Amino acid sequence: MRLTAITMAASLVAGAALADAVAPGDVTYTEYGEIETSLSGAPGDAEAGAKVMTTRGLGNCVACHKVDALDAAFQGEVGPPLNGVGGYRSEAELRGIVANAKMTFEGTVMPAFYKTSGFIRPGDGYTGKGAAEEDLEPLLTAQQIEDVVAYLMTLKD
Amino acid sequence: MNFKAMTAVAAALIATAPALMAGGPDDDTMVINGEIEMTTKTEAPAHMEGTGIDTIISGWHFREDETQSQQLDDFENQGMIFVDNARDAWDTVEGEAGESCASCHGTPEDMAGVKPVYPKYVDSAGEVRTLQMQMNACRTERMQAEAWGYDAQPAIEMEALMSSVSRGMPVDVAIDGPAAEAWEMGKEIYYTRYGQLELACASCHEENYGNYIRADHLSQGQVNGFPTYRLKNAKLNGVHSRFRGCVRDTRAETFSTGSPEFVALELYVASRGNGLSVEGPSVRN
């Protein structure tokens, strides 16, 4: 398949997924903080997830976590290393942690990547200017969360 | 020895538990110009009980050797160029009253001991003032000159001069009596998780100092080294400008430089450094 064809197919999938996506305010967490079903309604793409995890403007997970399999300089140590995490956590747990880690780890410093309300002085991105709550986008889209979860599931020792 | 070398050694020594040694300050000692012995690590003040921090540590210990060494000698400390500008300004008459700083205060060296106690509650004003606010009060009331902009070049240069003549003296801000109210407000701000990333000062500088967050080696976020000359922007940086940057990085709406919130926060953060030597102008990356 040619590149344009791939992108077209991908955007078709993304479009379809968008229609079925669960809005950040409507996500159901289990009492342990898990999310049972795909947020986008579509499966994740592990390769795209790896990109989200290492890109500064997106997940930038490596700012806080070390993942040996990822090719990114300066991986952080604020959170635990994620090597092997797909071996000891379920997909539902990982989805819950990435979407809103506070539902799993009370008071954690890990930001919630799929949440748009309940913030104190939310800003307009990194401009330092204020933003109205109704204008906030989650840090990652439903599909990006699924992609990240798909990547994490590949991390098995 | 720098941090990387230290971790390498530590990892070699206790190869089974390298994670325990993640980050941390180095063990170097700071002597400025071969004569001023500086306290860069000391026992935390009593009010920090319960924070999990029992030793307070200057941000200097978290920087690389090359950055550290630039602060040890005034000829290498590029912040001192701005201190020289301020020495000229000190003697310069400005404003309707025909006065300079020198007319009332003598030499800059006569001001040794002033910087360590700011921010402080100023009785005559009935408010907690930062050093920049107090300097501006002198300018507008006594000199009848225009106030400097907050953290603007002339203000930050003069603050650096006031700091440089107090280097080696311990930070000693009062947190009780009439300062208590602002201090409490500052403390509350310090622990509030702002922005879409929901991070407080404490998330990074209390819970995670010593750890790397991407390429940044987190310090305790002490202000004893301010103004800081940052290699990153090649200029002097004020406390409130630094606060702004840190709050902005949580994807939050920041407070303004000189705002009551940042004045209170400066008092609170300064009090967490009570006992560390005044270092400004320090060198940071």
# chains A, B, ... in the order shown; residues from 1 in each chain; ligands from 1
call {"tool": "select_by_dssp", "arguments": {"residues": "range 17-265 of chain B", "states": "strand (DSSP E)", "output": "list in words"}}
result
Val31, Ile32, Ile36, Glu37, Lys41, Thr42, Glu43, Thr55, Ile56, Ile57, Lys120, Tyr121, Val122, Glu127, Val128, Arg129, Tyr212, Ile213, Asp216, His217, Thr228, Tyr229, Arg230, Lys235, Leu236 and Asn237 of chain B
call {"tool": "select_by_dssp", "arguments": {"residues": "range 26-156 of chain A", "states": "helix (DSSP H, G or I)", "output": "ChimeraX atom specification"}}
result
/A:26,46-54,61-63,85-88,91-103,133-135,142-153
call {"tool": "interface_residues", "arguments": {"of": "chain A", "to": "chain B", "cutoff": "7 Å", "atoms": "only C-alpha atoms", "output": "ChimeraX atom specification"}}
result
/A:62-64,74-78,109,111,119-130
call {"tool": "closest_residue", "arguments": {"among": "A:Asp20, A:Asp71, A:Glu91, A:Glu47", "to": "Glu34 in chain A", "atoms": "only C-alpha atoms"}}
result
A:Glu91
call {"tool": "atom_distance", "arguments": {"atom1": "CA of Asp110 in chain B", "atom2": "CA of Gly79 in chain B"}}
result
20.7 Å
call {"tool": "closest_residue", "arguments": {"among": "B:Val283, B:Ala89, B:Cys104, B:Met143", "to": "Asp74 in chain B", "atoms": "only C-alpha atoms"}}
result
B:Val283
call {"tool": "residues_around", "arguments": {"residues": "Gly258 in chain B", "least_positions_apart": "2", "cutoff": "7 Å", "atoms": "only C-alpha atoms", "output": "list of chain:residue names"}}
result
B:Tyr150, B:His240, B:Ser256, B:Pro260, B:Phe262, B:Val263
call {"tool": "residues_around", "arguments": {"residues": "Ile57 in chain B", "least_positions_apart": "2", "cutoff": "10 Å", "atoms": "only C-alpha atoms", "output": "PyMOL selection string"}}
result
chain B and resi 25+39-44+53-55+59-62+209+219-222+224+272-273+275-276
call {"tool": "closest_residue", "arguments": {"among": "B:Val31, B:Phe75, B:Thr257, B:Gly98", "to": "Met133 in chain B", "atoms": "only C-alpha atoms"}}
result
B:Thr257
call {"tool": "atom_distance", "arguments": {"atom1": "CA of Ala142 in chain A", "atom2": "CA of Gly33 in chain A"}}
result
16.7 Å
call {"tool": "closest_residue", "arguments": {"among": "A:Pro43, A:Pro81, A:Pro138, A:Gly87", "to": "Val67 in chain A", "atoms": "only C-alpha atoms"}}
result
A:Pro81
call {"tool": "atom_distance", "arguments": {"atom1": "CA of Gly52 in chain B", "atom2": "CA of Asp27 in chain B"}}
result
20.3 Å
call {"tool": "residues_around", "arguments": {"residues": "Thr37 in chain A", "least_positions_apart": "5", "cutoff": "12 Å", "atoms": "only C-alpha atoms", "output": "MDAnalysis selection string"}}
result
chainID A and resid 20:22 27:30 42:44 90:96 142 145:146 149
call {"tool": "closest_residue", "arguments": {"among": "B:Val114, B:Val93, B:Val122, B:Met80", "to": "Gly177 in chain B", "atoms": "only C-alpha atoms"}}
result
B:Val122
